[in-house]
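For reference, start36.txt (compact mmCIF, C-alpha atoms):
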# COMPACT_ATOMS: atom_id res chain seq x y z
CA MET A 1 62.80 16.11 119.78
CA PRO A 2 59.58 14.99 118.06
CA PRO A 3 58.28 11.53 118.89
CA ARG A 4 58.93 8.74 116.43
CA HIS A 5 55.26 7.85 116.21
CA SER A 6 51.84 8.90 117.40
CA PRO A 7 51.61 6.82 120.58
CA ALA A 8 48.40 5.56 122.06
CA LEU A 9 47.68 3.55 125.16
CA PRO A 10 45.34 0.56 125.08
CA SER A 11 42.36 0.38 127.39
CA LEU A 12 42.90 -1.92 130.33
CA GLY A 13 39.19 -2.31 130.77
CA GLY A 14 38.68 -3.98 127.42
CA ARG A 15 36.81 -0.99 125.90
CA LYS A 16 38.29 0.35 122.69
CA PRO A 17 39.33 3.97 123.36
CA SER A 18 37.88 6.72 121.20
CA TYR A 19 40.07 8.69 118.81
CA ARG A 20 40.01 11.65 121.18
CA GLU A 21 41.09 9.38 124.05
CA ARG A 22 43.91 7.97 121.96
CA VAL A 23 45.14 11.47 121.13
CA ALA A 24 44.88 12.44 124.81
CA ASP A 25 46.87 9.35 125.78
CA ALA A 26 49.55 10.20 123.23
CA LEU A 27 49.83 13.77 124.50
CA ARG A 28 49.81 12.59 128.11
CA ALA A 29 52.60 10.11 127.41
CA ALA A 30 54.67 12.83 125.72
CA LEU A 31 54.11 15.11 128.69
CA ILE A 32 54.97 12.43 131.26
CA ALA A 33 58.09 11.46 129.32
CA GLY A 34 59.25 15.05 129.32
CA GLU A 35 58.81 15.59 125.58
CA LEU A 36 56.46 18.47 126.46
CA ARG A 37 58.26 20.65 128.98
CA PRO A 38 56.80 22.37 132.05
CA GLY A 39 56.33 26.10 131.64
CA GLU A 40 56.32 25.99 127.84
CA VAL A 41 53.25 26.94 125.80
CA TYR A 42 52.09 24.67 122.99
CA SER A 43 49.43 25.46 120.39
CA ALA A 44 46.91 22.89 119.23
CA PRO A 45 47.94 23.30 115.53
CA GLY A 46 51.61 22.89 116.46
CA LEU A 47 50.94 19.72 118.45
CA ALA A 48 48.68 18.42 115.69
CA ALA A 49 51.47 18.80 113.14
CA ARG A 50 53.91 17.13 115.50
CA PHE A 51 51.67 14.12 116.03
CA GLY A 52 50.34 13.91 112.51
CA VAL A 53 46.68 14.47 113.41
CA SER A 54 44.15 17.27 112.97
CA ALA A 55 43.97 20.19 115.38
CA THR A 56 40.40 19.60 116.62
CA PRO A 57 41.00 16.31 118.50
CA VAL A 58 44.24 17.75 119.88
CA ARG A 59 42.41 20.80 121.23
CA GLU A 60 39.71 18.57 122.75
CA ALA A 61 42.30 16.23 124.23
CA MET A 62 44.25 19.11 125.75
CA LEU A 63 41.06 20.24 127.49
CA ASP A 64 40.96 16.80 129.08
CA LEU A 65 44.50 17.39 130.34
CA VAL A 66 43.43 20.80 131.67
CA ARG A 67 40.80 19.07 133.81
CA GLU A 68 43.51 16.72 135.09
CA GLY A 69 45.70 19.67 136.03
CA LEU A 70 48.50 18.64 133.67
CA VAL A 71 48.23 21.76 131.51
CA ALA A 72 46.62 25.20 131.80
CA THR A 73 44.99 27.24 129.06
CA VAL A 74 46.74 30.38 127.83
CA PRO A 75 44.21 32.64 126.04
CA ASN A 76 44.92 33.13 122.33
CA LYS A 77 48.12 31.08 122.55
CA GLY A 78 47.47 27.50 123.55
CA PHE A 79 48.32 25.42 126.59
CA ARG A 80 51.08 25.70 129.18
CA VAL A 81 52.42 22.53 130.79
CA THR A 82 52.09 22.92 134.56
CA ALA A 83 55.05 22.33 136.85
CA VAL A 84 55.19 19.92 139.80
CA SER A 85 57.08 20.93 142.95
CA ASP A 86 59.61 18.73 144.72
CA GLN A 87 57.22 18.46 147.66
CA GLN A 88 54.42 17.26 145.39
CA LEU A 89 56.72 14.69 143.79
CA ASP A 90 57.73 13.43 147.22
CA GLU A 91 54.11 13.15 148.28
CA TYR A 92 52.97 11.36 145.12
CA THR A 93 55.86 8.90 145.29
CA HIS A 94 55.19 8.24 148.97
CA ILE A 95 51.53 7.44 148.26
CA ARG A 96 52.53 5.20 145.37
CA SER A 97 54.93 3.29 147.60
CA LEU A 98 52.21 2.78 150.23
CA ILE A 99 49.92 1.30 147.58
CA GLU A 100 52.10 -0.42 145.02
CA ILE A 101 54.74 -2.12 147.14
CA PRO A 102 52.44 -4.16 149.43
CA THR A 103 49.91 -4.80 146.66
CA THR A 104 52.55 -6.13 144.29
CA ALA A 105 54.22 -8.17 147.05
CA GLY A 106 50.83 -9.73 147.82
CA LEU A 107 50.55 -10.89 144.21
CA ALA A 108 53.42 -13.31 144.86
CA ALA A 109 50.89 -15.47 146.69
CA THR A 110 47.74 -14.82 144.68
CA ALA A 111 48.50 -13.99 141.04
CA ASP A 112 47.82 -16.55 138.34
CA PRO A 113 51.17 -17.60 136.81
CA VAL A 114 49.60 -17.54 133.35
CA ALA A 115 48.54 -13.92 133.84
CA LEU A 116 52.02 -13.03 135.08
CA ARG A 117 53.69 -14.65 132.08
CA ALA A 118 51.34 -12.71 129.80
CA LEU A 119 52.99 -9.51 131.05
CA ARG A 120 56.49 -10.62 130.02
CA PRO A 121 56.19 -9.31 126.43
CA VAL A 122 55.20 -5.91 127.86
CA ALA A 123 58.20 -6.00 130.22
CA GLN A 124 60.42 -6.86 127.27
CA GLU A 125 58.88 -3.98 125.32
CA ILE A 126 59.97 -1.64 128.12
CA VAL A 127 63.53 -2.94 127.84
CA THR A 128 63.50 -2.61 124.05
CA SER A 129 62.16 0.95 124.25
CA ALA A 130 64.84 1.88 126.77
CA ALA A 131 67.58 0.47 124.55
CA ALA A 132 66.22 2.42 121.57
CA GLY A 133 65.87 5.62 123.59
CA ASP A 134 62.19 5.80 122.65
CA LEU A 135 60.90 7.57 125.75
CA ILE A 136 57.25 7.79 124.79
CA ALA A 137 57.10 4.08 123.97
CA TYR A 138 58.84 3.43 127.30
CA VAL A 139 56.20 5.41 129.20
CA GLU A 140 53.36 3.64 127.37
CA ALA A 141 54.72 0.16 128.01
CA ASP A 142 55.66 1.00 131.60
CA LEU A 143 52.11 2.19 132.30
CA ARG A 144 50.57 -0.91 130.73
CA PHE A 145 52.86 -3.17 132.73
CA HIS A 146 52.33 -1.64 136.15
CA LEU A 147 48.60 -1.07 135.83
CA GLY A 148 48.16 -4.50 134.30
CA LEU A 149 50.06 -6.01 137.19
CA LEU A 150 48.06 -4.13 139.81
CA ALA A 151 44.83 -5.15 138.05
CA LEU A 152 45.62 -8.75 139.03
CA ALA A 153 44.81 -7.77 142.62
CA GLY A 154 41.19 -7.33 141.55
CA ASN A 155 40.71 -3.77 142.82
CA GLY A 156 39.78 -1.46 139.98
CA HIS A 157 39.66 1.63 142.19
CA LEU A 158 43.24 1.01 143.30
CA VAL A 159 44.34 0.83 139.67
CA GLU A 160 42.68 4.16 138.88
CA VAL A 161 44.26 5.84 141.91
CA VAL A 162 47.72 4.70 140.81
CA ARG A 163 47.00 5.74 137.22
CA ASP A 164 46.20 9.26 138.45
CA LEU A 165 49.30 9.40 140.67
CA ARG A 166 51.51 8.33 137.76
CA ARG A 167 50.07 11.10 135.61
CA ARG A 168 50.73 13.68 138.29
CA SER A 169 54.28 12.58 139.19
CA ARG A 170 55.78 13.15 135.77
CA LEU A 171 59.11 11.75 134.70
CA TYR A 172 60.84 15.04 134.02
CA GLY A 173 64.31 13.50 134.14
CA LEU A 174 63.60 10.61 131.81
CA THR A 175 65.60 12.14 128.96
CA ALA A 176 68.60 12.78 131.21
CA LEU A 177 68.35 9.26 132.62
CA ALA A 178 68.39 7.80 129.12
CA GLU A 179 71.33 9.98 128.08
CA ALA A 180 73.24 8.85 131.16
CA GLY A 181 72.73 5.21 130.16
CA ARG A 182 70.72 4.36 133.28
CA LEU A 183 67.30 3.82 131.75
CA GLU A 184 67.98 0.25 130.63
CA ALA A 185 68.89 -0.84 134.17
CA SER A 186 65.55 0.47 135.41
CA ALA A 187 63.78 -1.26 132.52
CA GLU A 188 65.36 -4.62 133.36
CA GLU A 189 63.77 -4.45 136.80
CA HIS A 190 60.40 -5.23 135.24
CA LEU A 191 61.68 -8.63 134.15
CA GLU A 192 63.30 -9.13 137.55
CA LEU A 193 59.99 -8.33 139.20
CA LEU A 194 58.14 -10.92 137.11
CA ASP A 195 60.75 -13.55 137.95
CA ALA A 196 60.30 -12.83 141.66
CA LEU A 197 56.52 -13.05 141.38
CA LEU A 198 56.67 -16.33 139.51
CA ALA A 199 59.07 -17.66 142.13
CA ARG A 200 56.46 -16.80 144.79
CA ASP A 201 59.03 -14.73 146.68
CA PRO A 202 57.22 -11.77 148.30
CA GLU A 203 60.32 -10.39 150.02
CA ARG A 204 62.23 -10.27 146.76
CA VAL A 205 59.22 -8.65 145.09
CA ARG A 206 59.11 -6.05 147.83
CA ALA A 207 62.84 -5.35 147.44
CA VAL A 208 62.61 -4.94 143.66
CA MET A 209 59.54 -2.69 143.88
CA THR A 210 61.16 -0.54 146.57
CA ARG A 211 64.27 -0.09 144.44
CA HIS A 212 62.21 0.53 141.31
CA LEU A 213 60.00 3.22 142.85
CA GLY A 214 63.12 4.80 144.32
CA HIS A 215 64.24 5.51 140.77
CA VAL A 216 61.11 7.55 140.14
CA ARG A 217 62.04 10.09 142.78
CA GLY A 218 65.73 9.54 143.36
CA LEU A 219 66.86 9.48 139.74
CA TRP A 220 64.18 10.82 137.40
CA ALA A 221 62.79 13.69 139.41
CA ALA A 222 66.24 14.87 140.48
CA HIS A 223 67.11 16.13 137.01
Please lay out the structure from this file as C-alpha cells.
Amino acid sequence: MPPRHSPALPSLGGRKPSYRERVADALRAALIAGELRPGEVYSAPGLAARFGVSATPVREAMLDLVREGLVATVPNKGFRVTAVSDQQLDEYTHIRSLIEIPTTAGLAATADPVALRALRPVAQEIVTSAAAGDLIAYVEADLRFHLGLLALAGNGHLVEVVRDLRRRSRLYGLTALAEAGRLEASAEEHLELLDALLARDPERVRAVMTRHLGHVRGLWAAH
C-alpha cells in the first residue's frame, strides 16, 4: 500500500533538515511502519516513483539507512530491508524501558507545564493518524512526541540513544494492529500520559509508560 504522502520528520534540534535528510526520514518512517517489508528488495527508481521524488536523493538516503543497518545493498538490484530477530526486539525494548520509563516518570516533577501542553497537538495528531489508518503519519508523530518529551529532561545524548533504539526495533505489526482496531487505544495513551504528567503523578506516568512500551513488544512485534 503506497503512503498517502511523502512524509518527513522535523528536526528536534531546531536545524532545518536537508532534502536528503527529509527523504531519508520518509523512507525510515515507511520502513519502521512496515510499509517496506523485511527481506524484500526495493530499487531506488521504484521508491522514488512511490514517494514522488527523484531517484538520486533516494539512493543517497538509502545509503544512510545502510550505515544504520536498516537495509543492505543488493548489487545491481537495489536495497533489501534487513530483518530483526525476536531476541533483538526483546533486547531493544528492554533497554528502552530502562531509559524511557524512569526518565518520563521523573518529568512529572521537573517538566515545565507549558512545554508539556505544547506536546498535546502532537499527541492528538497520533490519535488522528491512528483513526485514519495512516501508519506513516502515526510513526512520524509518535517519534516527535516521545523524543520531544524526553528532550525535556535536558539530556541530548539520551534522546539520540532512544532515537536509535526506535529505529532498530521496527513496528512490523503496526498494520495488523491497525486492522485489528487496536491502534487507536495505543494512540490515546499519549494523551493519558500528558494528563498524568500535568497532574504531577509519577506513579501514574510510570504505569502508563510501562503499558505503552509493552505494546511495542507484546502487540506490534508479535505479528
Could you give me, as a Markdown table, a per-residue list for range 36-118 of chain A showing, wherever an atom lies at most 7 Å from an atom of range 194-206 of chain A, the closest pair of atoms and their distance in Å to one decimal, using only C-alpha atoms and sorting by chain then residue number from low to high?
| residue | atom | partner | partner_atom | distance |
| --- | --- | --- | --- | --- |
| A:Ile101 | CA | A:Arg206 | CA | 5.9 |
| A:Ala105 | CA | A:Pro202 | CA | 4.8 |
| A:Gly106 | CA | A:Pro202 | CA | 6.7 |
| A:Leu107 | CA | A:Leu197 | CA | 7.0 |
| A:Ala108 | CA | A:Arg200 | CA | 4.6 |
| A:Ala109 | CA | A:Arg200 | CA | 6.0 |
| A:Pro113 | CA | A:Leu198 | CA | 6.3 |
| A:Leu116 | CA | A:Leu194 | CA | 6.8 |
Distance criterion (all atoms listed in the file): nearest to Tyr138 in chain A out of A:Ala178, A:Pro75, A:Thr56, A:Leu152: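 For Tyr138 in chain A, the nearest of the given residues is A:Ala178.
The gap separating CA of Leu65 in chain A from CA of Val23 in chain A is 11.0 Å, in Å to one decimal.
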Protein/DNA/RNA residues near (57.9, 27.5, 128.6), cut 12 Å, only C-alpha atoms, as a list in words: Leu36, Arg37, Pro38, Gly39, Glu40, Val41, Tyr42, Ser43, Val71, Ala72, Val74, Gly78, Phe79, Arg80, Val81, Thr82 and Ala83 of chain A
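Between CA of Leu191 in chain A and CA of Gly214 in chain A there is a distance of 16.9 Å.
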A:Ala207, A:Leu158, A:Leu31, A:Ala44 ranked by distance to Lys77 in chain A, top pick (using only C-alpha atoms):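 Closest to Lys77 in chain A of all the choices is A:Ala44.
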Interatomic distance (Å, one decimal) between CA of Leu165 in chain A and CA of Leu47 in chain A: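 Going from CA of Leu165 in chain A over to CA of Leu47 in chain A, I get 24.6 Å.
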Who sits within 8 Å of range 182-189 of chain A, only C-alpha atoms, same chain under 6 positions skipped, as an NGL selection string: :A and (123 or 126-127 or 130-131 or 174 or 208 or 212 or 215)
Residue selection dump (C-alpha atoms) as a compact mmCIF listing (two decimals), in the frame of the given file:
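Output file selection.txt is given in full below:
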# COMPACT_ATOMS: atom_id res chain seq x y z
CA ALA A 123 58.20 -6.00 130.22
CA ILE A 126 59.97 -1.64 128.12
CA VAL A 127 63.53 -2.94 127.84
CA ALA A 130 64.84 1.88 126.77
CA ALA A 131 67.58 0.47 124.55
CA LEU A 174 63.60 10.61 131.81
CA VAL A 208 62.61 -4.94 143.66
CA HIS A 212 62.21 0.53 141.31
CA HIS A 215 64.24 5.51 140.77
Pull range 107-126 of chain A out of the block and emit N, CA and C atoms, as a CSV table (one decimal), in the first residue's frame.
chain,number,residue,atom,x,y,z
A,107,LEU,N,9.9,13.4,34.8
A,107,LEU,CA,9.4,14.6,34.3
A,107,LEU,C,8.2,15.1,35.0
A,108,ALA,N,7.5,14.2,35.7
A,108,ALA,CA,6.3,14.6,36.5
A,108,ALA,C,6.6,15.7,37.5
A,109,ALA,N,7.9,15.7,37.9
A,109,ALA,CA,8.3,16.6,39.0
A,109,ALA,C,9.1,17.8,38.4
A,110,THR,N,9.6,17.7,37.2
A,110,THR,CA,10.5,18.7,36.6
A,110,THR,C,10.1,19.4,35.4
A,111,ALA,N,9.2,18.8,34.6
A,111,ALA,CA,8.8,19.4,33.3
A,111,ALA,C,8.0,20.7,33.4
A,112,ASP,N,8.3,21.6,32.6
A,112,ASP,CA,7.5,22.8,32.5
A,112,ASP,C,6.1,22.5,32.0
A,113,PRO,N,5.0,22.9,32.7
A,113,PRO,CA,3.7,22.6,32.2
A,113,PRO,C,3.4,23.2,30.8
A,114,VAL,N,4.0,24.3,30.5
A,114,VAL,CA,3.8,24.9,29.2
A,114,VAL,C,4.4,24.1,28.1
A,115,ALA,N,5.6,23.5,28.4
A,115,ALA,CA,6.2,22.6,27.4
A,115,ALA,C,5.4,21.3,27.3
A,116,LEU,N,4.9,20.8,28.3
A,116,LEU,CA,4.0,19.6,28.2
A,116,LEU,C,2.8,19.9,27.4
A,117,ARG,N,2.1,21.0,27.7
A,117,ARG,CA,0.9,21.3,26.9
A,117,ARG,C,1.2,21.5,25.4
A,118,ALA,N,2.4,22.0,25.1
A,118,ALA,CA,2.8,22.2,23.7
A,118,ALA,C,2.9,20.9,23.0
A,119,LEU,N,3.0,19.8,23.7
A,119,LEU,CA,3.0,18.4,23.0
A,119,LEU,C,1.6,17.9,22.8
A,120,ARG,N,0.6,18.5,23.3
A,120,ARG,CA,-0.7,17.9,23.2
A,120,ARG,C,-1.2,17.9,21.7
A,121,PRO,N,-0.9,18.9,20.9
A,121,PRO,CA,-1.3,18.8,19.5
A,121,PRO,C,-0.6,17.6,18.8
A,122,VAL,N,0.6,17.3,19.2
A,122,VAL,CA,1.3,16.2,18.6
A,122,VAL,C,0.6,14.9,19.0
A,123,ALA,N,0.3,14.8,20.3
A,123,ALA,CA,-0.4,13.6,20.8
A,123,ALA,C,-1.8,13.4,20.1
A,124,GLN,N,-2.4,14.5,19.9
A,124,GLN,CA,-3.7,14.5,19.1
A,124,GLN,C,-3.5,14.0,17.7
A,125,GLU,N,-2.4,14.4,17.1
A,125,GLU,CA,-2.1,14.0,15.7
A,125,GLU,C,-1.9,12.5,15.7
A,126,ILE,N,-1.3,12.0,16.7
A,126,ILE,CA,-1.1,10.5,16.8
A,126,ILE,C,-2.5,9.8,16.8
